[in-house]
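Structure file work.txt; described as compact mmCIF, C-alpha atoms and all ligand atoms.
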```txt
# COMPACT_ATOMS: atom_id res chain seq x y z
CA MET A 1 -169.53 -69.71 67.73
CA THR A 2 -173.33 -69.41 67.79
CA ASP A 3 -175.16 -68.08 70.84
CA CYS A 4 -176.00 -71.56 72.03
CA GLU A 5 -172.56 -73.13 71.85
CA PRO A 6 -170.74 -73.19 75.18
CA ALA A 7 -167.93 -70.76 75.98
CA VAL A 8 -165.32 -72.49 78.12
CA ALA A 9 -163.00 -70.66 80.53
CA VAL A 10 -160.28 -71.78 82.93
CA ALA A 11 -159.17 -69.86 86.03
CA HIS A 12 -157.01 -70.53 89.08
CA PRO A 13 -157.44 -69.58 92.73
CA ASN A 14 -155.36 -66.84 94.28
CA ILE A 15 -153.96 -66.55 97.78
CA ALA A 16 -153.89 -63.11 99.35
CA LEU A 17 -150.69 -61.81 100.94
CA VAL A 18 -152.66 -58.81 102.21
CA LYS A 19 -156.18 -60.04 102.88
CA TYR A 20 -159.60 -58.87 101.85
CA TRP A 21 -161.65 -59.08 105.02
CA GLY A 22 -164.69 -56.85 105.40
CA LYS A 23 -167.09 -55.22 102.99
CA ARG A 24 -168.44 -51.69 102.90
CA ASP A 25 -171.24 -52.73 100.54
CA GLU A 26 -172.70 -56.25 100.74
CA ARG A 27 -174.70 -56.12 97.51
CA LEU A 28 -172.02 -54.64 95.26
CA ILE A 29 -169.24 -56.53 97.10
CA LEU A 30 -167.13 -53.46 97.72
CA PRO A 31 -164.28 -54.03 100.21
CA LEU A 32 -163.17 -51.80 103.06
CA ALA A 33 -159.53 -51.89 101.91
CA ASP A 34 -157.26 -52.87 99.03
CA SER A 35 -155.86 -56.42 98.99
CA LEU A 36 -153.00 -58.14 97.16
CA SER A 37 -152.63 -61.74 96.03
CA LEU A 38 -150.77 -64.30 93.95
CA THR A 39 -152.77 -66.30 91.42
CA LEU A 40 -151.61 -69.92 91.58
CA ASP A 41 -150.70 -72.45 88.91
CA ALA A 42 -152.57 -75.22 90.80
CA PHE A 43 -156.23 -76.17 91.35
CA PRO A 44 -157.83 -74.82 88.13
CA THR A 45 -161.58 -74.53 87.66
CA THR A 46 -162.98 -75.10 84.17
CA THR A 47 -166.42 -73.68 83.44
CA ALA A 48 -168.63 -73.91 80.35
CA VAL A 49 -171.55 -71.52 79.88
CA ARG A 50 -174.11 -71.54 77.11
CA GLN A 51 -177.35 -69.76 76.50
CA ALA A 52 -180.41 -72.04 76.63
CA PRO A 53 -183.27 -69.86 75.28
CA ASP A 54 -185.82 -72.68 75.51
CA ALA A 55 -184.97 -73.81 79.03
CA PRO A 56 -187.39 -72.87 81.83
CA GLU A 57 -184.55 -71.82 84.18
CA ASP A 58 -180.79 -71.91 84.67
CA ARG A 59 -179.21 -75.34 84.92
CA VAL A 60 -176.03 -75.45 87.04
CA ILE A 61 -173.88 -78.56 87.20
CA MET A 62 -170.94 -78.66 89.62
CA ASP A 63 -168.49 -81.52 89.39
CA GLY A 64 -171.08 -83.60 87.57
CA VAL A 65 -174.06 -83.04 89.87
CA PRO A 66 -176.73 -80.31 89.97
CA ALA A 67 -175.71 -77.47 92.31
CA ARG A 68 -178.09 -76.89 95.22
CA GLY A 69 -178.85 -74.40 97.96
CA GLU A 70 -176.65 -71.39 98.59
CA MET A 71 -174.11 -72.33 95.92
CA ARG A 72 -176.79 -72.53 93.22
CA ARG A 73 -178.33 -69.28 94.40
CA ARG A 74 -175.01 -67.41 94.19
CA ILE A 75 -174.47 -68.64 90.64
CA THR A 76 -178.00 -67.84 89.43
CA ASP A 77 -177.81 -64.37 91.08
CA PHE A 78 -174.61 -63.83 89.14
CA LEU A 79 -176.27 -64.98 85.90
CA ASP A 80 -179.11 -62.51 86.60
CA LEU A 81 -176.51 -59.73 86.65
CA VAL A 82 -175.04 -60.97 83.35
CA ARG A 83 -178.54 -60.98 81.82
CA GLU A 84 -179.29 -57.52 83.15
CA ARG A 85 -176.05 -56.15 81.67
CA SER A 86 -176.31 -57.94 78.32
CA GLY A 87 -180.05 -57.43 77.78
CA ILE A 88 -180.25 -61.14 76.86
CA ARG A 89 -182.89 -62.91 78.92
CA ALA A 90 -182.06 -66.51 78.02
CA PRO A 91 -181.41 -68.92 80.90
CA ALA A 92 -177.96 -70.50 80.96
CA VAL A 93 -176.49 -73.96 81.24
CA VAL A 94 -173.38 -73.87 83.42
CA ASP A 95 -171.08 -76.85 83.80
CA THR A 96 -168.18 -76.30 86.19
CA ARG A 97 -165.37 -78.59 87.29
CA ASN A 98 -163.15 -77.83 90.26
CA THR A 99 -159.86 -79.44 91.15
CA VAL A 100 -159.84 -77.79 94.56
CA PRO A 101 -162.10 -78.86 97.43
CA VAL A 102 -165.03 -76.40 97.52
CA GLY A 103 -165.54 -74.32 100.66
CA ALA A 104 -162.43 -75.42 102.52
CA GLY A 105 -160.60 -72.09 102.57
CA LEU A 106 -158.57 -72.97 99.49
CA ALA A 107 -160.06 -70.13 97.50
CA SER A 108 -162.28 -72.26 95.25
CA SER A 109 -164.71 -69.35 94.85
CA ALA A 110 -161.97 -67.11 93.45
CA GLY A 111 -161.06 -69.40 90.55
CA GLY A 112 -164.69 -70.47 90.25
CA PHE A 113 -166.22 -67.02 89.80
CA ALA A 114 -163.32 -65.79 87.63
CA ALA A 115 -163.93 -68.71 85.24
CA LEU A 116 -167.70 -68.20 85.38
CA ALA A 117 -167.36 -64.45 84.72
CA LEU A 118 -165.19 -65.00 81.65
CA ALA A 119 -167.28 -67.84 80.18
CA ALA A 120 -170.54 -65.95 80.82
CA ALA A 121 -169.12 -62.70 79.39
CA ARG A 122 -168.18 -64.62 76.23
CA ALA A 123 -171.52 -66.44 76.01
CA TYR A 124 -173.61 -63.27 76.58
CA GLY A 125 -171.40 -60.80 74.68
CA LEU A 126 -170.20 -58.65 77.60
CA PRO A 127 -166.84 -56.80 77.52
CA ARG A 128 -163.87 -59.03 78.31
CA ASP A 129 -161.08 -56.52 78.91
CA PRO A 130 -159.35 -57.27 82.25
CA VAL A 131 -160.85 -54.30 84.12
CA SER A 132 -164.45 -55.03 83.07
CA LEU A 133 -163.98 -58.72 83.73
CA SER A 134 -162.45 -58.12 87.16
CA ARG A 135 -165.38 -55.89 88.14
CA LEU A 136 -167.83 -58.52 86.96
CA ALA A 137 -166.05 -61.40 88.74
CA ARG A 138 -166.04 -59.29 91.93
CA ARG A 139 -169.83 -59.44 91.99
CA GLY A 140 -169.67 -63.26 92.25
CA SER A 141 -167.01 -63.37 94.97
CA GLY A 142 -164.76 -60.50 95.99
CA SER A 143 -161.53 -62.48 95.77
CA ALA A 144 -162.44 -63.60 92.21
CA SER A 145 -161.69 -60.06 90.99
CA ARG A 146 -157.98 -60.89 91.49
CA SER A 147 -158.02 -64.31 89.73
CA VAL A 148 -158.78 -62.58 86.43
CA HIS A 149 -155.06 -61.71 86.45
CA GLY A 150 -152.04 -64.00 86.45
CA GLY A 151 -149.27 -63.58 89.02
CA PHE A 152 -149.60 -60.82 91.60
CA ALA A 153 -152.69 -58.62 91.57
CA VAL A 154 -153.96 -55.77 93.69
CA TRP A 155 -157.70 -55.26 94.15
CA HIS A 156 -158.53 -51.59 94.56
CA ALA A 157 -161.30 -50.90 97.04
CA GLY A 158 -162.15 -47.82 94.97
CA ASP A 159 -163.09 -44.36 96.15
CA PRO A 160 -166.17 -44.65 98.41
CA GLY A 161 -167.18 -41.14 97.24
CA ALA A 162 -167.02 -42.08 93.53
CA ALA A 163 -170.14 -41.33 91.49
CA ASP A 164 -170.27 -45.02 90.47
CA PRO A 165 -168.50 -47.03 93.20
CA ASP A 166 -169.18 -50.31 91.37
CA HIS A 167 -167.08 -48.99 88.51
CA ALA A 168 -164.19 -47.90 90.73
CA SER A 169 -163.42 -51.27 92.35
CA TYR A 170 -161.44 -53.84 90.34
CA ALA A 171 -158.11 -55.66 90.41
CA GLU A 172 -155.01 -54.89 88.37
CA ALA A 173 -151.89 -56.94 87.73
CA VAL A 174 -148.77 -56.01 89.69
CA THR A 175 -146.09 -56.09 87.02
CA ASP A 176 -143.00 -54.91 88.89
CA ALA A 177 -142.60 -57.77 91.41
CA ARG A 178 -139.10 -59.21 91.61
CA VAL A 179 -139.65 -62.28 93.80
CA ASP A 180 -140.10 -65.88 92.70
CA LEU A 181 -142.58 -67.11 95.31
CA ALA A 182 -143.95 -70.56 95.92
CA LEU A 183 -146.99 -71.36 98.02
CA VAL A 184 -146.96 -74.74 99.69
CA ALA A 185 -150.57 -75.68 100.47
CA VAL A 186 -150.90 -77.96 103.50
CA ILE A 187 -154.31 -79.57 103.09
CA LEU A 188 -155.41 -80.53 106.58
CA GLU A 189 -159.13 -80.76 105.86
CA ALA A 190 -160.96 -80.73 102.56
CA GLY A 191 -164.59 -80.56 103.70
CA PRO A 192 -166.81 -77.48 103.43
CA LYS A 193 -166.55 -74.99 106.30
CA SER A 194 -169.30 -74.51 108.87
CA VAL A 195 -169.44 -70.69 108.55
CA SER A 196 -169.13 -69.07 105.10
CA SER A 197 -166.50 -66.38 104.63
CA ARG A 198 -169.35 -64.02 103.78
CA GLU A 199 -171.04 -64.52 107.15
CA ALA A 200 -167.73 -64.54 109.03
CA MET A 201 -166.74 -61.20 107.48
CA ARG A 202 -170.09 -59.64 108.27
CA ARG A 203 -169.92 -60.76 111.89
CA THR A 204 -166.30 -59.63 112.30
CA VAL A 205 -166.88 -56.14 110.93
CA ALA A 206 -169.98 -55.70 113.08
CA THR A 207 -168.66 -57.05 116.39
CA SER A 208 -164.89 -57.59 116.69
CA PRO A 209 -163.16 -54.94 118.83
CA LEU A 210 -159.89 -55.82 117.04
CA PHE A 211 -161.21 -55.22 113.54
CA PRO A 212 -160.61 -51.43 113.25
CA GLY A 213 -156.96 -51.86 114.29
CA TRP A 214 -156.40 -54.70 111.83
CA LEU A 215 -157.97 -52.71 109.01
CA ARG A 216 -155.73 -49.72 109.70
CA LYS A 217 -152.67 -51.95 109.79
CA SER A 218 -153.76 -53.77 106.64
CA ARG A 219 -153.73 -50.50 104.71
CA GLU A 220 -150.12 -49.99 105.82
CA ASP A 221 -149.30 -53.62 105.00
CA LEU A 222 -150.36 -53.05 101.40
CA GLY A 223 -147.79 -50.28 100.88
CA ARG A 224 -145.09 -52.33 102.60
CA MET A 225 -145.96 -55.41 100.53
CA ARG A 226 -145.83 -53.56 97.21
CA ALA A 227 -142.42 -52.09 98.04
CA ALA A 228 -141.07 -55.47 99.22
CA LEU A 229 -142.26 -57.19 96.02
CA ARG A 230 -140.61 -54.49 93.92
CA GLU A 231 -137.37 -54.73 95.88
CA GLY A 232 -137.31 -58.53 95.87
CA ASP A 233 -137.34 -58.53 99.69
CA ILE A 234 -138.87 -61.92 100.39
CA THR A 235 -138.39 -61.66 104.17
CA THR A 236 -140.59 -58.55 104.35
CA VAL A 237 -143.10 -60.17 101.98
CA GLY A 238 -143.34 -63.24 104.22
CA GLU A 239 -143.37 -61.42 107.55
CA THR A 240 -146.01 -58.94 106.39
CA ALA A 241 -148.22 -61.66 104.91
CA GLU A 242 -148.04 -63.86 108.02
CA ARG A 243 -148.86 -61.01 110.40
CA ASN A 244 -151.71 -59.83 108.17
CA ALA A 245 -153.28 -63.31 108.02
CA LEU A 246 -152.91 -64.13 111.71
CA GLY A 247 -154.28 -60.68 112.54
CA MET A 248 -157.31 -61.42 110.35
CA HIS A 249 -157.89 -64.66 112.28
CA ALA A 250 -157.61 -62.75 115.57
CA THR A 251 -160.39 -60.41 114.38
CA MET A 252 -162.78 -63.25 113.59
CA GLU A 253 -161.95 -65.14 116.78
CA THR A 254 -162.94 -62.04 118.76
CA ALA A 255 -166.25 -61.57 116.93
CA SER A 256 -169.49 -62.50 118.67
CA PRO A 257 -170.26 -65.22 118.30
CA PRO A 258 -166.63 -66.03 117.44
CA VAL A 259 -165.61 -67.69 114.19
CA ARG A 260 -162.74 -70.11 114.54
CA TYR A 261 -161.36 -71.78 111.43
CA ARG A 262 -158.04 -72.69 113.06
CA THR A 263 -157.88 -76.23 114.39
CA ALA A 264 -155.29 -78.15 116.42
CA ALA A 265 -153.89 -79.38 113.10
CA SER A 266 -153.58 -75.78 111.82
CA ASP A 267 -151.72 -74.83 115.00
CA ALA A 268 -149.33 -77.78 114.57
CA ALA A 269 -148.63 -76.62 111.00
CA LEU A 270 -148.07 -73.02 112.16
CA THR A 271 -145.63 -74.27 114.80
CA GLN A 272 -143.77 -76.25 112.16
CA VAL A 273 -143.44 -73.11 109.99
CA ARG A 274 -141.86 -71.34 112.96
CA ARG A 275 -139.50 -74.28 113.41
CA LEU A 276 -138.44 -74.05 109.77
CA ARG A 277 -137.60 -70.40 110.33
CA ALA A 278 -135.63 -71.24 113.44
CA ASP A 279 -133.66 -73.66 111.24
CA GLY A 280 -132.79 -70.82 108.88
CA LEU A 281 -135.34 -71.45 106.11
CA GLY A 282 -137.35 -68.51 104.77
CA ALA A 283 -140.90 -69.79 105.35
CA TRP A 284 -144.00 -67.88 106.47
CA ALA A 285 -147.61 -68.98 106.93
CA THR A 286 -150.88 -67.65 105.65
CA MET A 287 -154.45 -68.89 106.21
CA ASP A 288 -157.84 -68.02 104.76
CA ALA A 289 -161.39 -68.87 105.77
CA GLY A 290 -160.59 -72.47 106.66
CA PRO A 291 -158.18 -74.63 108.64
CA ASN A 292 -155.63 -75.14 105.87
CA VAL A 293 -152.22 -73.50 106.05
CA LYS A 294 -150.27 -72.22 103.07
CA VAL A 295 -146.55 -71.68 103.41
CA ILE A 296 -144.94 -68.79 101.54
CA CYS A 297 -141.32 -69.34 100.52
CA ASP A 298 -138.81 -68.75 97.77
CA ALA A 299 -139.49 -71.11 94.84
CA ALA A 300 -135.96 -72.50 95.30
CA ASP A 301 -136.88 -73.71 98.83
CA ALA A 302 -140.33 -75.12 97.97
CA LYS A 303 -139.33 -78.81 97.83
CA THR A 304 -137.58 -78.71 101.20
CA VAL A 305 -140.44 -76.76 102.79
CA ALA A 306 -143.01 -79.20 101.35
CA ALA A 307 -141.13 -82.24 102.64
CA ARG A 308 -140.77 -80.78 106.13
CA MET A 309 -144.42 -79.71 106.30
CA GLY A 310 -145.54 -83.19 105.17
CA GLU A 311 -143.34 -84.87 107.78
CA VAL A 312 -145.04 -83.25 110.73
CA THR A 313 -148.63 -82.89 109.67
CA GLY A 314 -149.03 -86.08 107.59
CA ALA A 315 -151.18 -83.87 105.36
CA ARG A 316 -151.39 -83.72 101.59
CA VAL A 317 -148.98 -81.01 100.51
CA VAL A 318 -149.18 -79.27 97.12
CA VAL A 319 -146.49 -76.92 95.81
CA ALA A 320 -147.86 -74.05 93.72
CA GLY A 321 -146.17 -71.16 91.99
CA GLY A 322 -147.48 -68.08 90.24
CA GLY A 323 -150.03 -69.01 87.57
CA PRO A 324 -151.95 -67.52 84.65
CA GLY A 325 -155.01 -65.30 84.66
CA ALA A 326 -158.46 -66.46 83.57
CA ARG A 327 -158.50 -67.45 79.91
CA LEU A 328 -160.86 -68.87 77.34
CA ARG A 329 -160.18 -72.23 75.77
CA THR A 330 -158.27 -71.31 72.60
CA GLU A 331 -161.05 -72.08 70.14
CA ASP A 332 -163.40 -69.70 72.03
CA ALA A 333 -161.00 -66.78 72.32
O1 LIG B 401 -164.17 -63.85 98.03
P1 LIG B 401 -164.53 -64.48 99.32
O2 LIG B 401 -165.84 -64.02 99.82
O3 LIG B 401 -164.40 -65.99 99.26
O4 LIG B 401 -163.50 -63.95 100.44
C1 LIG B 401 -162.44 -64.68 100.92
C2 LIG B 401 -161.50 -63.81 101.66
C3 LIG B 401 -160.23 -64.50 102.11
O5 LIG B 401 -159.92 -65.61 101.31
C4 LIG B 401 -160.33 -64.97 103.55
C5 LIG B 401 -159.08 -63.48 102.03
C6 LIG B 401 -158.69 -63.09 100.63
O6 LIG B 401 -158.31 -61.92 100.45
O7 LIG B 401 -158.73 -63.92 99.71
```

Rewrite the structure of this file - the entire thing - as structure tokens.
Ligand code: PMV
Amino acid sequence: MTDCEPAVAVAHPNIALVKYWGKRDERLILPLADSLSLTLDAFPTTTAVRQAPDAPEDRVIMDGVPARGEMRRRITDFLDLVRERSGIRAPAVVDTRNTVPVGAGLASSAGGFAALALAAARAYGLPRDPVSLSRLARRGSGSASRSVHGGFAVWHAGDPGAADPDHASYAEAVTDARVDLALVAVILEAGPKSVSSREAMRRTVATSPLFPGWLRKSREDLGRMRAALREGDITTVGETAERNALGMHATMETASPPVRYRTAASDAALTQVRRLRADGLGAWATMDAGPNVKVICDAADAKTVAARMGEVTGARVVVAGGGPGARLRTEDA
């Protein structure tokens, strides 16, 4: 491959079972606590990056059209970091294709920045070992650090007192999990959200009286989640994940001004999840920075859960399982 041929990478979104919510450093994207997620086998993003030495500036195409505004700025800021680290000043051409609605709380930025990090690292000759790649992806979007890995991953906040805190914060694969989880995504709305997760996080940390309590509990949740995954205890996995996610929403709803991603449709879906449990099914809900609800269940129950969620909400329902980490198209590897 010459410098000007595109490197193409594919990555999938991940859904956190213990959420990342709150930064201690906005520029370096360092979180206040560890988080843990499952990378999905649905909604891949495919991204091609090539150097364009003769171009006047970066060219960013998203789903066939030039990216604009905040989205373009986040991508070009990320490319600036890649140029700074590689010592190569050439502008880039980026062509990215999502299969997940962007900005709807379905974690498009996680798969998106993981794919961009890998393709850009290949195109600009940066290290591509999982730790380096996870650190790099983190600088695009915190949750992207986890999509570098397949299956379950834990993102370490890193020691705030470390000499180089940027270096200390990355995600690692969790390799001792003994549960076969499915995530049933209930897509209630696919449009972009009115408040970005970045802004919502900032506001929550600064103003919500509930945030310190949630953060303390979230640190405990991480230990409980790791043990439950190891022991194959799906009930504890589900209960911990649901409480962690609903607690996160309580923190943002008590920020000022409040951020509310939950809608009447989300509440109807959450009620239906409770009904499934009352009927004896192991099903628990999680939500991110958007109105959509994802139902956590044993893979063996996924079809039943999906049918029953579809029945009530009339929403598009997608069953996902654990998926692969970010990877280059074979001919680029
Ligand atoms: O990486 P960001 O800035 O899109 O953060 C998203 C954080 C949540 O999705 C709400 C939670 C998580 O841990 O993924």

Which chain A residues have any atom within 7 Å of an atom of ligand LIG 401 (chain B), and for each, what is the nearest pair of atoms with distance in Å to one decimal, counting all atoms listed in the file, rows sorted by chain and number, as CSV?
```
residue,atom,partner,partner_atom,distance
A:Ile15,CA,B:LIG401,O7,5.8
A:Ala16,CA,B:LIG401,O6,4.7
A:Val18,CA,B:LIG401,O6,6.7
A:Lys19,CA,B:LIG401,O6,3.7
A:Tyr20,CA,B:LIG401,O6,3.6
A:Trp21,CA,B:LIG401,C2,5.8
A:Ser35,CA,B:LIG401,O6,6.2
A:Gly105,CA,B:LIG401,O5,6.6
A:Ala107,CA,B:LIG401,O5,5.9
A:Ser109,CA,B:LIG401,O3,5.6
A:Ala110,CA,B:LIG401,O1,6.0
A:Ser141,CA,B:LIG401,O1,4.2
A:Gly142,CA,B:LIG401,O1,4.0
A:Ser143,CA,B:LIG401,O1,3.7
A:Ala144,CA,B:LIG401,O1,6.1
A:Ser197,CA,B:LIG401,O2,5.4
A:Arg198,CA,B:LIG401,O2,5.3
A:Asp288,CA,B:LIG401,C4,4.1
A:Ala289,CA,B:LIG401,C4,4.6
```

Can I get the selected residues back with C-alpha atoms, as a PDB file, in the coordinates of the input?
```pdb
ATOM      1  CA  ILE A  15    -153.960 -66.550  97.780  1.00  0.00           C
ATOM      2  CA  ALA A  16    -153.890 -63.110  99.350  1.00  0.00           C
ATOM      3  CA  VAL A  18    -152.660 -58.810 102.210  1.00  0.00           C
ATOM      4  CA  LYS A  19    -156.180 -60.040 102.880  1.00  0.00           C
ATOM      5  CA  TYR A  20    -159.600 -58.870 101.850  1.00  0.00           C
ATOM      6  CA  TRP A  21    -161.650 -59.080 105.020  1.00  0.00           C
ATOM      7  CA  SER A  35    -155.860 -56.420  98.990  1.00  0.00           C
ATOM      8  CA  GLY A 105    -160.600 -72.090 102.570  1.00  0.00           C
ATOM      9  CA  ALA A 107    -160.060 -70.130  97.500  1.00  0.00           C
ATOM     10  CA  SER A 109    -164.710 -69.350  94.850  1.00  0.00           C
ATOM     11  CA  ALA A 110    -161.970 -67.110  93.450  1.00  0.00           C
ATOM     12  CA  SER A 141    -167.010 -63.370  94.970  1.00  0.00           C
ATOM     13  CA  GLY A 142    -164.760 -60.500  95.990  1.00  0.00           C
ATOM     14  CA  SER A 143    -161.530 -62.480  95.770  1.00  0.00           C
ATOM     15  CA  ALA A 144    -162.440 -63.600  92.210  1.00  0.00           C
ATOM     16  CA  SER A 197    -166.500 -66.380 104.630  1.00  0.00           C
ATOM     17  CA  ARG A 198    -169.350 -64.020 103.780  1.00  0.00           C
ATOM     18  CA  ASP A 288    -157.840 -68.020 104.760  1.00  0.00           C
ATOM     19  CA  ALA A 289    -161.390 -68.870 105.770  1.00  0.00           C
TER      20      ALA A 289
END
```

My list of candidates is A:Arg59, A:Arg230, A:His249, A:Lys294. Which is closest to Thr96 (chain A) when distances are computed with only C-alpha atoms?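 Result for the nearest residue to Thr96 (chain A): A:Arg59.
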
Please, which residues are within 10 Å of (-149.0, -73.6, 111.0) by the file's coordinates, counting all atoms listed in the file, and could they come as an NGL selection string? :A and (186 or 262-275 or 284-287 or 291-295 or 309 or 313)

Counting only C-alpha atoms, which residue out of A:Leu215, A:Ala255, A:Ala153, A:Val205 sits closest to Leu40 (chain A)?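 Using only C-alpha atoms, Leu40 (chain A) sits closest to A:Ala153.
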
Show me the residues close to (-145.4, -56.6, 108.3) - anything with an atom within 10 Å, counting all atoms listed in the file - and format the list as a VMD selection string. chain A and resid 18 217 to 218 220 to 222 224 to 225 235 to 244

Residue among A:Pro66, A:Val10, A:Val93, A:Thr76 lying closest to Pro53 (chain A), counting only C-alpha atoms: A:Val93

If we count all atoms listed in the file, what is near Ala320 (chain A) at a cut-off of 7 Å, once residues fewer than 4 positions away on the same chain are taken out, given as an MDAnalysis selection string? chainID A and resid 40:42 182:184

I'd like the neighbourhood of Leu28 (chain A) as JSON, numbers by chain, where a residue qualifies if any of its atoms comes within 9 Å (using all atoms listed in the file), though same-chain residues fewer than 4 positions away should be ignored. {"A": [24, 138, 139, 165, 166]}

Listed atoms of region 140-143 of chain A boxed axis-aligned with 4 Å per side, centre + edges as lines of an AutoDock Vina configuration file:
```
center_x = -165.6
center_y = -61.9
center_z = 94.1
size_x = 16.1
size_y = 10.9
size_z = 11.7
```

Would you kindly return, as a PyMOL selection string, each protein, DNA or RNA residue with an atom no farther than 12 Å from any atom of Ala200 (chain A), considering all atoms listed in the file and excluding same-chain residues fewer than 3 positions away? chain A and resi 21-23+193-197+203-208+248-249+251-261+288-290

Residue contacts of Gly111 (chain A) (10 Å, all atoms listed in the file) excluding same-chain residues fewer than 6 positions away, as a list in words: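 The contact residues come out as Val10, Ala11, His12, Pro13, Asn14, Thr39, Leu40, Phe43, Pro44, Thr45, Thr46, Thr47, Asn98, Val100, Ala117, Ala137, Ser141, Ser143, Ala144, Ser145, Arg146, Ser147, Val148, Gly325 and Ala326 of chain A.
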
Atom-to-atom span, CA of Phe113 (chain A) and CA of Gly140 (chain A), Å: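 It comes out at 5.7 Å.
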
Could you please determine the separation between CA of Glu26 (chain A) and CA of Gly158 (chain A) in Å, to one decimal place?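 The value is 14.7 Å.
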